[in-house]
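Undergrad: Please find coords27.tsv (TSV, C-alpha atoms) on the next line:
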```
chain	number	residue	atom	x	y	z
A	1	MET	CA	123.46	148.48	105.15
A	2	THR	CA	119.78	149.39	104.67
A	3	ALA	CA	119.94	148.35	101.02
A	4	VAL	CA	121.67	145.05	101.76
A	5	ALA	CA	119.16	143.77	104.34
A	6	PRO	CA	116.10	143.66	102.01
A	7	VAL	CA	118.18	141.87	99.36
A	8	MET	CA	119.29	139.23	101.90
A	9	GLN	CA	115.71	138.78	103.10
A	10	THR	CA	114.47	138.34	99.53
A	11	SER	CA	117.23	135.83	98.85
A	12	GLN	CA	116.35	133.86	101.98
A	13	LYS	CA	112.66	133.84	101.04
A	14	ARG	CA	113.50	132.49	97.57
A	15	ALA	CA	115.68	129.82	99.17
A	16	LEU	CA	112.81	128.85	101.46
A	17	LEU	CA	110.35	128.59	98.56
A	18	PHE	CA	112.71	126.45	96.50
A	19	GLY	CA	113.46	124.30	99.54
A	20	LEU	CA	109.77	123.79	100.37
A	21	ALA	CA	109.01	122.88	96.76
A	22	ALA	CA	111.78	120.28	96.81
A	23	VAL	CA	110.66	118.79	100.14
A	24	GLY	CA	107.06	118.72	98.88
A	25	LEU	CA	108.08	116.63	95.88
A	26	TRP	CA	110.32	114.38	97.98
A	27	SER	CA	107.40	113.65	100.30
A	28	THR	CA	105.64	111.75	97.48
A	29	VAL	CA	108.38	109.29	96.60
A	30	ALA	CA	108.33	106.86	99.55
A	31	THR	CA	105.36	105.06	98.00
A	32	ALA	CA	107.07	105.05	94.60
A	33	PHE	CA	110.17	103.50	96.18
A	34	LYS	CA	108.18	100.64	97.69
A	35	ILE	CA	106.22	100.02	94.48
A	36	ALA	CA	109.39	100.05	92.38
A	37	LEU	CA	111.16	97.71	94.80
A	38	ASP	CA	108.40	95.13	94.27
A	39	TYR	CA	109.71	94.75	90.70
A	40	LEU	CA	113.33	95.89	90.90
A	41	SER	CA	116.34	95.34	93.12
A	42	PRO	CA	117.73	98.49	94.79
A	43	LEU	CA	120.61	98.53	92.29
A	44	HIS	CA	118.36	98.18	89.23
A	45	LEU	CA	115.96	100.84	90.51
A	46	LEU	CA	118.84	103.23	91.04
A	47	PHE	CA	120.32	102.50	87.61
A	48	LEU	CA	117.06	103.25	85.79
A	49	ALA	CA	116.18	106.29	87.91
A	50	ALA	CA	119.65	107.84	87.62
A	51	GLY	CA	119.60	107.26	83.88
A	52	THR	CA	116.27	109.08	83.68
A	53	SER	CA	117.68	112.03	85.60
A	54	THR	CA	120.77	112.18	83.39
A	55	LEU	CA	118.53	112.38	80.31
A	56	ILE	CA	116.50	115.18	81.93
A	57	PHE	CA	119.60	117.25	82.62
A	58	LEU	CA	120.99	116.56	79.14
A	59	SER	CA	117.69	117.61	77.53
A	60	LEU	CA	117.73	120.88	79.49
A	61	LEU	CA	121.32	121.55	78.39
A	62	VAL	CA	120.47	120.91	74.73
A	63	TRP	CA	117.39	123.14	74.99
A	64	GLN	CA	119.46	125.93	76.57
A	65	ARG	CA	122.32	125.39	74.07
A	66	ARG	CA	124.84	124.83	76.84
A	67	VAL	CA	126.34	121.54	75.71
A	68	ARG	CA	129.74	123.03	74.84
A	69	GLU	CA	129.91	124.87	78.17
A	70	THR	CA	129.07	121.62	79.96
A	71	LEU	CA	131.71	119.61	78.09
A	72	LEU	CA	134.35	122.18	79.00
A	73	LEU	CA	133.28	122.02	82.64
A	74	GLY	CA	133.51	118.23	82.64
A	75	ARG	CA	136.96	118.31	81.08
A	76	ARG	CA	138.17	120.83	83.63
A	77	ARG	CA	136.62	119.28	86.76
A	78	TRP	CA	136.22	115.60	85.90
A	79	LEU	CA	137.85	114.38	89.13
A	80	PHE	CA	135.59	116.48	91.36
A	81	TYR	CA	132.42	115.35	89.58
A	82	SER	CA	133.48	111.72	89.40
A	83	LEU	CA	133.87	111.77	93.19
A	84	GLN	CA	130.57	113.60	93.56
A	85	GLY	CA	128.84	111.10	91.28
A	86	ALA	CA	130.28	108.24	93.32
A	87	LEU	CA	128.85	109.80	96.49
A	88	ASN	CA	125.51	110.74	94.95
A	89	PRO	CA	123.69	109.12	93.21
A	90	PHE	CA	125.79	105.93	93.33
A	91	ILE	CA	126.53	105.25	97.03
A	92	TYR	CA	123.84	107.38	98.67
A	93	TYR	CA	120.87	106.04	96.77
A	94	TRP	CA	122.08	102.45	96.85
A	95	VAL	CA	122.20	102.72	100.65
A	96	LEU	CA	118.81	104.48	100.77
A	97	PHE	CA	117.04	101.98	98.51
A	98	ALA	CA	118.55	99.11	100.50
A	99	ALA	CA	117.04	100.70	103.63
A	100	TYR	CA	113.62	101.00	101.95
A	101	ASP	CA	113.91	97.38	100.86
A	102	ARG	CA	114.22	96.33	104.54
A	103	LEU	CA	111.88	98.76	106.30
A	104	PRO	CA	108.25	99.89	105.99
A	105	ALA	CA	108.01	103.07	103.90
A	106	GLN	CA	106.82	105.21	106.83
A	107	GLN	CA	109.79	104.13	108.96
A	108	ALA	CA	112.42	104.56	106.25
A	109	GLN	CA	111.14	107.98	105.18
A	110	ALA	CA	110.88	109.33	108.73
A	111	ILE	CA	114.43	108.25	109.57
A	112	ASN	CA	115.83	109.44	106.25
A	113	TYR	CA	114.26	112.86	106.76
A	114	THR	CA	116.55	113.46	109.73
A	115	TRP	CA	119.14	114.45	107.10
A	116	ALA	CA	118.12	118.02	107.92
A	117	ILE	CA	119.42	117.53	111.46
A	118	THR	CA	122.55	115.78	110.22
A	119	MET	CA	123.20	118.64	107.80
A	120	ALA	CA	122.87	121.22	110.56
A	121	LEU	CA	125.30	119.27	112.75
A	122	LEU	CA	127.83	118.85	109.94
A	123	ALA	CA	127.57	122.55	109.09
A	124	VAL	CA	129.29	123.30	112.42
A	125	PRO	CA	132.71	121.81	111.49
A	126	LEU	CA	132.42	122.14	107.71
A	127	LEU	CA	130.91	125.63	107.37
A	128	LYS	CA	132.00	127.03	110.77
A	129	GLN	CA	128.42	127.71	111.84
A	130	ARG	CA	127.14	127.65	115.42
A	131	LEU	CA	124.17	125.95	117.00
A	132	SER	CA	122.22	127.42	119.89
A	133	VAL	CA	121.15	125.48	122.97
A	134	ARG	CA	117.57	125.71	121.70
A	135	GLU	CA	118.52	124.15	118.37
A	136	LEU	CA	120.47	121.35	120.04
A	137	SER	CA	117.54	120.62	122.36
A	138	ALA	CA	115.18	120.43	119.38
A	139	MET	CA	117.53	117.98	117.66
A	140	LEU	CA	117.62	115.70	120.73
A	141	ILE	CA	113.82	115.68	120.83
A	142	ALA	CA	113.73	114.89	117.11
A	143	TYR	CA	116.14	111.98	117.48
A	144	GLY	CA	114.02	110.71	120.36
A	145	GLY	CA	111.15	110.58	117.90
A	146	VAL	CA	113.36	108.65	115.49
A	147	VAL	CA	113.98	106.00	118.16
A	148	LEU	CA	110.23	105.78	118.78
A	149	ILE	CA	109.54	105.35	115.06
A	150	ALA	CA	112.37	102.85	114.64
A	151	THR	CA	110.94	100.61	117.36
A	152	GLY	CA	107.40	100.86	116.00
A	153	GLY	CA	106.23	102.82	119.03
A	154	GLN	CA	106.75	99.79	121.29
A	155	TRP	CA	110.33	100.46	122.41
A	156	ASP	CA	110.94	96.82	121.47
A	157	PHE	CA	114.60	96.77	120.52
A	158	GLN	CA	114.70	93.00	119.89
A	159	GLN	CA	112.17	93.20	117.05
A	160	THR	CA	113.82	96.22	115.45
A	161	ASN	CA	115.44	95.88	112.03
A	162	TRP	CA	118.73	97.48	112.98
A	163	LEU	CA	120.35	96.85	109.60
A	164	GLY	CA	117.60	98.77	107.81
A	165	ILE	CA	117.69	101.55	110.39
A	166	GLY	CA	121.48	101.73	110.22
A	167	LEU	CA	121.32	102.05	106.44
A	168	ALA	CA	118.68	104.79	106.71
A	169	LEU	CA	120.81	106.73	109.21
A	170	LEU	CA	123.92	106.26	107.07
A	171	SER	CA	121.98	107.71	104.13
A	172	THR	CA	121.41	110.93	106.12
A	173	LEU	CA	125.16	111.33	106.63
A	174	LEU	CA	125.93	110.75	102.95
A	175	TRP	CA	123.15	113.09	101.80
A	176	ALA	CA	124.11	115.91	104.16
A	177	SER	CA	127.79	115.64	103.23
A	178	TYR	CA	127.01	115.82	99.53
A	179	TRP	CA	124.90	118.96	99.77
A	180	LEU	CA	127.20	120.76	102.18
A	181	ILE	CA	130.07	120.19	99.74
A	182	ASN	CA	127.87	121.67	97.02
A	183	THR	CA	127.25	124.89	98.94
A	184	LYS	CA	130.85	125.83	98.09
A	185	ASN	CA	130.55	124.79	94.44
A	186	THR	CA	129.91	127.81	92.21
A	187	ASP	CA	129.49	125.91	88.93
A	188	PRO	CA	126.12	126.39	87.15
A	189	PRO	CA	123.49	124.05	88.65
A	190	ILE	CA	122.34	122.16	85.55
A	191	PRO	CA	125.82	121.33	84.19
A	192	ALA	CA	126.90	120.40	87.73
A	193	MET	CA	123.95	118.06	88.20
A	194	PHE	CA	124.46	116.55	84.75
A	195	TRP	CA	128.04	115.56	85.49
A	196	CYS	CA	127.18	114.15	88.92
A	197	PHE	CA	124.55	111.90	87.40
A	198	ALA	CA	126.56	111.11	84.28
A	199	PHE	CA	129.50	109.83	86.32
A	200	GLY	CA	127.16	108.14	88.80
A	201	SER	CA	125.38	106.37	85.92
A	202	VAL	CA	128.71	105.06	84.62
A	203	PHE	CA	129.48	103.55	88.03
A	204	LEU	CA	125.97	102.11	88.18
A	205	ALA	CA	126.25	100.61	84.70
A	206	ILE	CA	129.41	98.79	85.80
A	207	ALA	CA	127.69	97.53	88.95
A	208	VAL	CA	124.66	96.33	86.95
A	209	ALA	CA	126.93	94.55	84.47
A	210	LEU	CA	128.54	92.68	87.38
A	211	ASP	CA	125.17	91.84	88.96
A	212	PRO	CA	123.97	88.32	88.01
A	213	ARG	CA	120.31	89.35	88.28
A	214	PRO	CA	118.81	90.45	84.93
A	215	LEU	CA	116.89	93.69	84.46
A	216	PRO	CA	113.12	93.19	83.99
A	217	TRP	CA	113.13	94.73	80.52
A	218	PHE	CA	109.45	94.05	79.79
A	219	GLU	CA	107.88	95.00	83.13
A	220	TRP	CA	106.26	98.38	82.42
A	221	ARG	CA	105.38	99.00	86.08
A	222	ALA	CA	109.04	98.79	87.02
A	223	TRP	CA	109.97	101.31	84.32
A	224	ALA	CA	107.12	103.64	85.27
A	225	ALA	CA	108.05	103.63	88.96
A	226	ALA	CA	111.75	104.11	88.20
A	227	GLY	CA	110.90	106.96	85.82
A	228	TYR	CA	108.83	108.67	88.51
A	229	VAL	CA	111.71	108.37	90.97
A	230	GLY	CA	114.14	109.71	88.37
A	231	VAL	CA	112.00	112.79	87.73
A	232	PHE	CA	110.55	113.69	91.13
A	233	GLU	CA	113.11	112.28	93.58
A	234	MET	CA	116.21	113.23	91.60
A	235	GLY	CA	115.96	115.30	88.40
A	236	VAL	CA	113.66	118.30	88.87
A	237	THR	CA	113.82	118.21	92.65
A	238	PHE	CA	117.62	118.23	92.76
A	239	LEU	CA	117.66	121.47	90.79
A	240	LEU	CA	115.16	123.03	93.19
A	241	TRP	CA	117.17	121.95	96.23
A	242	LEU	CA	120.54	122.98	94.82
A	243	THR	CA	119.12	126.42	94.00
A	244	ALA	CA	117.77	126.69	97.55
A	245	MET	CA	121.11	125.70	99.08
A	246	ARG	CA	123.05	128.23	97.02
A	247	THR	CA	120.51	131.02	97.50
A	248	ALA	CA	120.22	130.69	101.28
A	249	GLU	CA	122.16	133.10	103.47
A	250	LYS	CA	123.03	130.10	105.68
A	251	PRO	CA	122.08	126.58	104.54
A	252	ARG	CA	120.95	125.57	108.02
A	253	ASN	CA	118.57	128.54	108.28
A	254	PHE	CA	115.80	126.65	106.52
A	255	LEU	CA	116.71	123.24	107.91
A	256	CYS	CA	116.12	123.70	111.61
```
Could you render the structure from this file as structure tokens?
TA:
Amino acid sequence: MTAVAPVMQTSQKRALLFGLAAVGLWSTVATAFKIALDYLSPLHLLFLAAGTSTLIFLSLLVWQRRVRETLLLGRRRWLFYSLQGALNPFIYYWVLFAAYDRLPAQQAQAINYTWAITMALLAVPLLKQRLSVRELSAMLIAYGGVVLIATGGQWDFQQTNWLGIGLALLSTLLWASYWLINTKNTDPPIPAMFWCFAFGSVFLAIAVALDPRPLPWFEWRAWAAAGYVGVFEMGVTFLLWLTAMRTAEKPRNFLC
């Protein structure tokens, strides 16, 4: 028992460091979202950003010489990863970008960041974890703050963009569900992320092909913003967060 405790503490500290690094990078992207959405629709932004992330994961696999391993994984678990790719990045980010398109960046980001609370709540039925009275009280206070932010601090419910807020709250449910499912997935992180984004990019390509609005092929600012989102909102940061989730003794330990 004495030998196990230090190992668990070290593991939890590594999870916390990876998690903080991911959250630190995510904190920079709200501005990038709003800039990108000045030039791109939510669907087009997601298509370009997800494509960037797919290329990042593929490059890492080629560099590590793990392409064959990844192809075998995709052949064996194509249904699981197609469903995962449909959930994230396809549905989740489309909902999130639609929320950012309707709300000020500070509102959308604050509401979206309640995914940590949503994840802790979902961990109760999905992972059979318990919440203390103190934790539940903290969550109620946090959601009270969300209402304050959503109404612009005026408690004016008539002027509130409920569609945008509803989309932002829905994004927290989708995000938390995706990562809680991944806590039970033991596949290597980079191949797993590659297949999620590869399948998600296929769904996005179909959606873009059906969209009558053309992509702004020659708008460099749109490509730059989408590339930033693909690297720092999705690609590198997803690997950090997935590592944190799998390393943590309990996923909710560093969420609330």
Undergrad: Dump as JSON lines the rows for residues of segment 190-229 of chain A within 10 Å of segment 235-242 of chain A: closest atom pair and distance in Å with one decimal, all atoms listed in the file counted, ordered by chain and rising residue number.
TA:
```
{"residue": "A:Ile190", "atom": "CA", "partner": "A:Leu239", "partner_atom": "CA", "distance": 7.1}
{"residue": "A:Ala192", "atom": "CA", "partner": "A:Leu239", "partner_atom": "CA", "distance": 9.8}
{"residue": "A:Met193", "atom": "CA", "partner": "A:Leu239", "partner_atom": "CA", "distance": 7.6}
{"residue": "A:Phe194", "atom": "CA", "partner": "A:Gly235", "partner_atom": "CA", "distance": 9.3}
{"residue": "A:Phe197", "atom": "CA", "partner": "A:Gly235", "partner_atom": "CA", "distance": 9.3}
{"residue": "A:Tyr228", "atom": "CA", "partner": "A:Gly235", "partner_atom": "CA", "distance": 9.7}
{"residue": "A:Val229", "atom": "CA", "partner": "A:Gly235", "partner_atom": "CA", "distance": 8.5}
```
Undergrad: Save the residues we just selected, C-alpha atoms, as a PDB file, in the frame of the given file?
TA:
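Result file again-v1.pdb:
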```pdb
ATOM      1  CA  ILE A 190     122.340 122.160  85.550  1.00  0.00           C
ATOM      2  CA  ALA A 192     126.900 120.400  87.730  1.00  0.00           C
ATOM      3  CA  MET A 193     123.950 118.060  88.200  1.00  0.00           C
ATOM      4  CA  PHE A 194     124.460 116.550  84.750  1.00  0.00           C
ATOM      5  CA  PHE A 197     124.550 111.900  87.400  1.00  0.00           C
ATOM      6  CA  TYR A 228     108.830 108.670  88.510  1.00  0.00           C
ATOM      7  CA  VAL A 229     111.710 108.370  90.970  1.00  0.00           C
TER       8      VAL A 229
END
```
Undergrad: Which of these residues is nearest to Ser171 of chain A, using all atoms listed in the file: A:Ala244, A:Leu215, A:Ile91, A:Val231?
TA: A:Ile91
Undergrad: Measuring atom to atom with all atoms listed in the file, identify which of A:Leu71, A:Ala224, A:Leu37, A:Ala205 is nearest to Asp101 of chain A.
TA: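 Nearest to Asp101 of chain A: A:Leu37.
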Undergrad: Calculated over all atoms listed in the file, which of the candidates A:Met245, A:Leu167, A:Val208, A:Ala49 has the smallest distance to Ala98 of chain A?
TA: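 Comparing A:Met245, A:Leu167, A:Val208, A:Ala49 against Ala98 of chain A, the winner is A:Leu167.
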Undergrad: Excluding Gly164 of chain A and its own-chain neighbours fewer than 2 positions away, which residues fall within 9 Å of it when counting all atoms listed in the file? Please give them as a list in words.
TA: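 Contacts, in chain order: Ala98, Ala99, Tyr100, Asp101, Arg102, Leu103, Ala108, Thr160, Asn161, Trp162, Gly166, Leu167, Ala168 and Leu169 of chain A.
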Undergrad: Report as an MDAnalysis selection string all protein, DNA and RNA residues lying within 12 Å of Ala32 of chain A, evaluated on all atoms listed in the file, omitting residues in the same chain fewer than 2 positions from it.
TA: chainID A and resid 25:30 34:40 45 49 97 100 105 109 221:233
Undergrad: For a test of reading the model, state the distance in Å between atom CA of Leu43 of chain A and atom CA of Phe218 of chain A, rounded to one decimal.
TA: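 Those two atoms sit 17.3 Å apart.
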Undergrad: In Å to one decimal, how far is atom CA of Val23 of chain A from atom CA of Asn185 of chain A?
TA: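 Pair atom CA of Asn185 of chain A / atom CA of Val23 of chain A returns 21.5 Å.
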Undergrad: Please provide as a VMD selection string all residues within 10 Å of Leu131 of chain A, with the sequence filter that same-chain residues fewer than 2 positions apart are discarded (counting all atoms listed in the file).
TA: chain A and resid 120 to 121 123 to 124 129 133 to 136 252 256
Undergrad: Quote the spacing between atom CA of Leu48 of chain A and atom CA of Gln84 of chain A in Å to one decimal place.
TA: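 Separation between atom CA of Leu48 of chain A and atom CA of Gln84 of chain A: 18.7 Å.
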Undergrad: Which is closest to Leu148 of chain A among A:Ser132, A:Ala110, A:Leu122, A:Arg76, if we use all atoms listed in the file?
TA: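 Closest to Leu148 of chain A of all the choices is A:Ala110.
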